[in-house]
Amino acid sequence: MKIFKWIVGVAVVAATLTTGGLTYRQKQQDGEIRRLRSENNRLRGEAYRRQATATARVAPAASETVHTSRAKPAEAAARKIEEYRNEGRASARATLQTLAWCCDRADVEALKGLVQPEPQAQAKAEAFYANLPSAGRGQWKSADEMVASFVMLAAQMSPFPSADVLDAAVMEPQGADVMLLRLPGTRKDRLPFRRGADGSWGCVIDARTMDGLLAMAKDLASTTR
């Protein structure tokens with residue numbers, strides 16, 4: 001299993017390029033990179049809000065939301081664009097922001113508590129983990145850690161929208177303890193969140209999503225041999 005060898009290789013190259021003579025140049029570029037990133041996030045946020053407003057006019061019923069943590073449009077427009085935030089797991093919206101925050105920082109340990117495979121998905125992950133060669137299985141302490149690693153890697157390959165866009169996302173209730181993230185036009189649309197017995201929320205991984213994660217891992221392994 002060479003997935004993480006590939007990741008480590010990329011990290012080593014990146015670390016090498018940011019040392020020595022390139023360090024000073026990198027520091028000079030940081031300010032401009034932050035400015036461009038902020039402007040890009042602002043434009044993406046405005047575009048999504050326009051799209052969400054248009055969608056609500058056409059189909060108001062599809063825009064049922066939980067409003068407890070959302071700013072008014074004028075306030076959201078004036079608010080400085082922020083990076084992903086660790087907001088805990090007290091609500092589906094907070095968990096969404098925390099999930100993106102963990103993925104952005106490659107915090108696999110924290111992700112283990114955020115992802116909630118359904119029973120069939122968990123069985124698939126356990127079987128995949130059990131069938132790995134010992135060298136590959138040794139990359140992770142458990143199937144849960146492996147799944148969290150794959151979720152992180154998938155998010156690195158297909159990042160969440162900016163924090164500002166996530167703040168404007170619709171959370172559609174599917175009963176008392178389930179919410180669907182609605183981000184039309186993105187790969188994160190209809191991402192499900194579920195409240196556990198302890199009141200904290202997590203991101204649900206169904207069997208189909210698990211199949212996708214495991215297929216991604218196999219593809220990466222085959223391309224790095």
# chains A, B, ... in the order shown; residues from 1 in each chain; ligands from 1

$ residues_around --residues "stretch 106-111 of chain A" --least-positions-apart "4" --cutoff "8 Å" --atoms "only C-alpha atoms" --output "ChimeraX atom specification"
/A:99,102,115,145,148-149,152-153

$ atom_distance --atom1 "atom CA of A:Val178" --atom2 "atom CA of A:Phe160"
20.3 Å

$ residues_around --residues "stretch 207-219 of chain A" --least-positions-apart "3" --cutoff "6 Å" --atoms "only C-alpha atoms" --output "PyMOL selection string"
chain A and resi 120-121+222

$ write_last_selection --atoms "C-alpha atoms" --output "PDB file, in the first residue's frame"
ATOM      1  CA  GLN A 120     -22.897  -1.553   5.558  1.00  0.00           C
ATOM      2  CA  ALA A 121     -20.221   1.044   4.867  1.00  0.00           C
ATOM      3  CA  SER A 222      -1.984   1.619  -8.687  1.00  0.00           C
TER       4      SER A 222
END

$ select_by_dssp --residues "stretch 68-221 of chain A" --states "helix (DSSP H, G or I)" --output "compact mmCIF listing (two decimals) with N, CA and C atoms, in the first residue's frame"
# COMPACT_ATOMS: atom_id res chain seq x y z
N PRO A 73 -28.01 38.72 5.26
CA PRO A 73 -27.24 38.91 4.03
C PRO A 73 -26.31 40.11 4.07
N ALA A 74 -26.80 41.25 4.57
CA ALA A 74 -25.96 42.45 4.61
C ALA A 74 -24.76 42.25 5.52
N GLU A 75 -24.98 41.56 6.64
CA GLU A 75 -23.88 41.31 7.57
C GLU A 75 -22.88 40.35 6.96
N ALA A 76 -23.40 39.32 6.26
CA ALA A 76 -22.50 38.35 5.64
C ALA A 76 -21.66 39.00 4.56
N ALA A 77 -22.25 39.91 3.80
CA ALA A 77 -21.51 40.58 2.74
C ALA A 77 -20.41 41.46 3.30
N ALA A 78 -20.67 42.06 4.46
CA ALA A 78 -19.70 42.98 5.05
C ALA A 78 -18.64 42.26 5.86
N ALA A 92 -25.30 20.63 13.02
CA ALA A 92 -24.83 20.13 11.73
C ALA A 92 -23.97 21.16 11.03
N ARG A 93 -24.38 22.43 11.11
CA ARG A 93 -23.61 23.49 10.45
C ARG A 93 -22.23 23.64 11.08
N ALA A 94 -22.15 23.59 12.40
CA ALA A 94 -20.85 23.68 13.08
C ALA A 94 -19.97 22.50 12.68
N THR A 95 -20.57 21.32 12.59
CA THR A 95 -19.82 20.12 12.22
C THR A 95 -19.29 20.22 10.80
N LEU A 96 -20.07 20.80 9.90
CA LEU A 96 -19.61 21.02 8.53
C LEU A 96 -18.35 21.87 8.51
N GLN A 97 -18.37 22.98 9.24
CA GLN A 97 -17.21 23.87 9.27
C GLN A 97 -16.01 23.15 9.91
N THR A 98 -16.26 22.39 10.96
CA THR A 98 -15.18 21.66 11.63
C THR A 98 -14.62 20.56 10.73
N LEU A 99 -15.50 19.90 9.98
CA LEU A 99 -15.05 18.87 9.05
C LEU A 99 -14.10 19.45 8.01
N ALA A 100 -14.47 20.59 7.44
CA ALA A 100 -13.59 21.24 6.45
C ALA A 100 -12.29 21.67 7.10
N TRP A 101 -12.38 22.17 8.34
CA TRP A 101 -11.19 22.61 9.08
C TRP A 101 -10.22 21.44 9.29
N CYS A 102 -10.75 20.29 9.70
CA CYS A 102 -9.90 19.11 9.93
C CYS A 102 -9.28 18.61 8.63
N CYS A 103 -10.08 18.56 7.56
CA CYS A 103 -9.55 18.09 6.28
C CYS A 103 -8.46 19.02 5.77
N ASP A 104 -8.67 20.31 5.93
CA ASP A 104 -7.70 21.29 5.45
C ASP A 104 -6.37 21.14 6.17
N VAL A 108 -6.20 13.71 10.91
CA VAL A 108 -6.89 12.42 10.82
C VAL A 108 -7.49 12.02 12.15
N GLU A 109 -6.78 12.26 13.23
CA GLU A 109 -7.28 11.87 14.56
C GLU A 109 -8.61 12.55 14.86
N ALA A 110 -8.72 13.85 14.57
CA ALA A 110 -9.97 14.56 14.80
C ALA A 110 -11.06 14.09 13.85
N LEU A 111 -10.68 13.76 12.62
CA LEU A 111 -11.66 13.30 11.64
C LEU A 111 -12.32 11.99 12.05
N LYS A 112 -11.61 11.16 12.79
CA LYS A 112 -12.17 9.88 13.23
C LYS A 112 -13.47 10.09 14.00
N PRO A 119 -23.70 1.04 8.93
CA PRO A 119 -23.26 -0.35 9.15
C PRO A 119 -22.70 -1.03 7.91
N GLN A 120 -23.39 -0.90 6.78
CA GLN A 120 -22.90 -1.55 5.56
C GLN A 120 -21.57 -0.94 5.11
N ALA A 121 -21.47 0.37 5.23
CA ALA A 121 -20.22 1.04 4.87
C ALA A 121 -19.09 0.63 5.80
N GLN A 122 -19.40 0.51 7.09
CA GLN A 122 -18.39 0.09 8.06
C GLN A 122 -17.89 -1.32 7.74
N ALA A 123 -18.81 -2.19 7.35
CA ALA A 123 -18.42 -3.56 7.01
C ALA A 123 -17.49 -3.58 5.80
N LYS A 124 -17.77 -2.74 4.83
CA LYS A 124 -16.90 -2.65 3.65
C LYS A 124 -15.50 -2.19 4.05
N ALA A 125 -15.45 -1.19 4.92
CA ALA A 125 -14.15 -0.66 5.36
C ALA A 125 -13.37 -1.70 6.14
N GLU A 126 -14.06 -2.42 7.02
CA GLU A 126 -13.40 -3.45 7.82
C GLU A 126 -12.83 -4.55 6.93
N ALA A 127 -13.60 -4.95 5.91
CA ALA A 127 -13.14 -6.00 5.01
C ALA A 127 -11.93 -5.52 4.20
N PHE A 128 -12.00 -4.29 3.72
CA PHE A 128 -10.88 -3.72 2.95
C PHE A 128 -9.62 -3.68 3.80
N TYR A 129 -9.78 -3.22 5.03
CA TYR A 129 -8.64 -3.11 5.95
C TYR A 129 -8.05 -4.48 6.26
N ALA A 130 -8.92 -5.45 6.50
CA ALA A 130 -8.46 -6.80 6.86
C ALA A 130 -7.70 -7.46 5.71
N SER A 134 0.17 -6.73 5.17
CA SER A 134 0.56 -6.25 6.50
C SER A 134 1.26 -4.89 6.43
N ALA A 135 2.07 -4.69 5.39
CA ALA A 135 2.77 -3.40 5.27
C ALA A 135 1.79 -2.26 5.07
N GLY A 136 0.75 -2.51 4.26
CA GLY A 136 -0.24 -1.47 4.03
C GLY A 136 -1.11 -1.24 5.24
N ARG A 137 -1.54 -2.33 5.88
CA ARG A 137 -2.39 -2.21 7.07
C ARG A 137 -1.67 -1.49 8.20
N ALA A 143 -9.41 0.33 11.08
CA ALA A 143 -10.16 0.66 9.88
C ALA A 143 -10.73 2.07 9.97
N ASP A 144 -11.12 2.49 11.17
CA ASP A 144 -11.66 3.85 11.34
C ASP A 144 -10.61 4.90 10.99
N GLU A 145 -9.38 4.67 11.42
CA GLU A 145 -8.32 5.62 11.09
C GLU A 145 -8.05 5.63 9.59
N MET A 146 -8.12 4.46 8.97
CA MET A 146 -7.94 4.37 7.52
C MET A 146 -9.01 5.17 6.79
N VAL A 147 -10.27 5.00 7.21
CA VAL A 147 -11.37 5.72 6.57
C VAL A 147 -11.19 7.23 6.75
N ALA A 148 -10.83 7.66 7.94
CA ALA A 148 -10.61 9.09 8.17
C ALA A 148 -9.50 9.61 7.26
N SER A 149 -8.46 8.81 7.06
CA SER A 149 -7.37 9.21 6.17
C SER A 149 -7.86 9.36 4.74
N PHE A 150 -8.74 8.44 4.31
CA PHE A 150 -9.27 8.51 2.95
C PHE A 150 -10.20 9.72 2.79
N VAL A 151 -10.99 10.02 3.82
CA VAL A 151 -11.85 11.21 3.77
C VAL A 151 -11.00 12.46 3.64
N MET A 152 -9.93 12.53 4.42
CA MET A 152 -9.03 13.68 4.35
C MET A 152 -8.41 13.80 2.96
N LEU A 153 -7.95 12.68 2.41
CA LEU A 153 -7.31 12.71 1.10
C LEU A 153 -8.30 13.12 0.01
N ALA A 154 -9.54 12.61 0.09
CA ALA A 154 -10.56 12.98 -0.88
C ALA A 154 -10.84 14.48 -0.82
N ALA A 155 -10.86 15.03 0.39
CA ALA A 155 -11.11 16.47 0.55
C ALA A 155 -9.93 17.29 0.05
N GLN A 156 -8.72 16.76 0.15
CA GLN A 156 -7.56 17.46 -0.40
C GLN A 156 -7.62 17.47 -1.92
N MET A 157 -8.12 16.40 -2.51
CA MET A 157 -8.21 16.29 -3.96
C MET A 157 -9.39 17.08 -4.51
N ALA A 163 -14.86 28.92 3.50
CA ALA A 163 -15.63 29.02 4.74
C ALA A 163 -16.84 29.93 4.57
N ASP A 164 -16.69 30.97 3.78
CA ASP A 164 -17.80 31.90 3.57
C ASP A 164 -18.95 31.22 2.82
N VAL A 165 -18.60 30.40 1.83
CA VAL A 165 -19.62 29.66 1.09
C VAL A 165 -20.31 28.65 2.00
N LEU A 166 -19.54 27.99 2.86
CA LEU A 166 -20.14 27.03 3.79
C LEU A 166 -21.10 27.73 4.75
N ASP A 167 -20.77 28.95 5.15
CA ASP A 167 -21.66 29.70 6.04
C ASP A 167 -23.00 29.99 5.37
N ALA A 207 -22.87 3.41 2.08
CA ALA A 207 -22.12 2.37 1.37
C ALA A 207 -21.59 2.87 0.03
N ARG A 208 -22.37 3.67 -0.66
CA ARG A 208 -21.93 4.18 -1.96
C ARG A 208 -20.73 5.11 -1.81
N THR A 209 -20.79 5.97 -0.81
CA THR A 209 -19.66 6.88 -0.57
C THR A 209 -18.42 6.09 -0.18
N MET A 210 -18.61 5.06 0.64
CA MET A 210 -17.47 4.23 1.04
C MET A 210 -16.86 3.54 -0.17
N ASP A 211 -17.70 3.06 -1.07
CA ASP A 211 -17.18 2.45 -2.30
C ASP A 211 -16.29 3.43 -3.06
N GLY A 212 -16.73 4.68 -3.11
CA GLY A 212 -15.95 5.70 -3.80
C GLY A 212 -14.61 5.95 -3.13
N LEU A 213 -14.62 6.00 -1.81
CA LEU A 213 -13.37 6.22 -1.08
C LEU A 213 -12.38 5.07 -1.29
N LEU A 214 -12.88 3.85 -1.24
CA LEU A 214 -12.01 2.69 -1.40
C LEU A 214 -11.49 2.59 -2.83
N ALA A 215 -12.35 2.94 -3.80
CA ALA A 215 -11.91 2.93 -5.20
C ALA A 215 -10.83 3.98 -5.43
N MET A 216 -11.00 5.15 -4.81
CA MET A 216 -9.98 6.20 -4.91
C MET A 216 -8.65 5.71 -4.37
N ALA A 217 -8.69 5.02 -3.23
CA ALA A 217 -7.47 4.51 -2.62
C ALA A 217 -6.78 3.50 -3.53
N LYS A 218 -7.57 2.62 -4.14
CA LYS A 218 -7.00 1.63 -5.05
C LYS A 218 -6.37 2.30 -6.27
N ASP A 219 -7.06 3.31 -6.81
CA ASP A 219 -6.53 4.02 -7.98
C ASP A 219 -5.20 4.69 -7.66
N LEU A 220 -5.14 5.35 -6.50
CA LEU A 220 -3.90 6.02 -6.11
C LEU A 220 -2.77 5.02 -5.91
N ALA A 221 -3.10 3.88 -5.32
CA ALA A 221 -2.08 2.86 -5.09
C ALA A 221 -1.53 2.35 -6.41

$ atom_distance --atom1 "atom CA of A:Gly175" --atom2 "atom CA of A:Lys188"
20.1 Å

$ closest_residue --among "A:Ala90, A:Met179, A:Ala168, A:Cys203" --to "A:Leu114" --atoms "only C-alpha atoms"
A:Cys203

$ atom_distance --atom1 "atom CA of A:Leu180" --atom2 "atom CA of A:Ser142"
28.1 Å
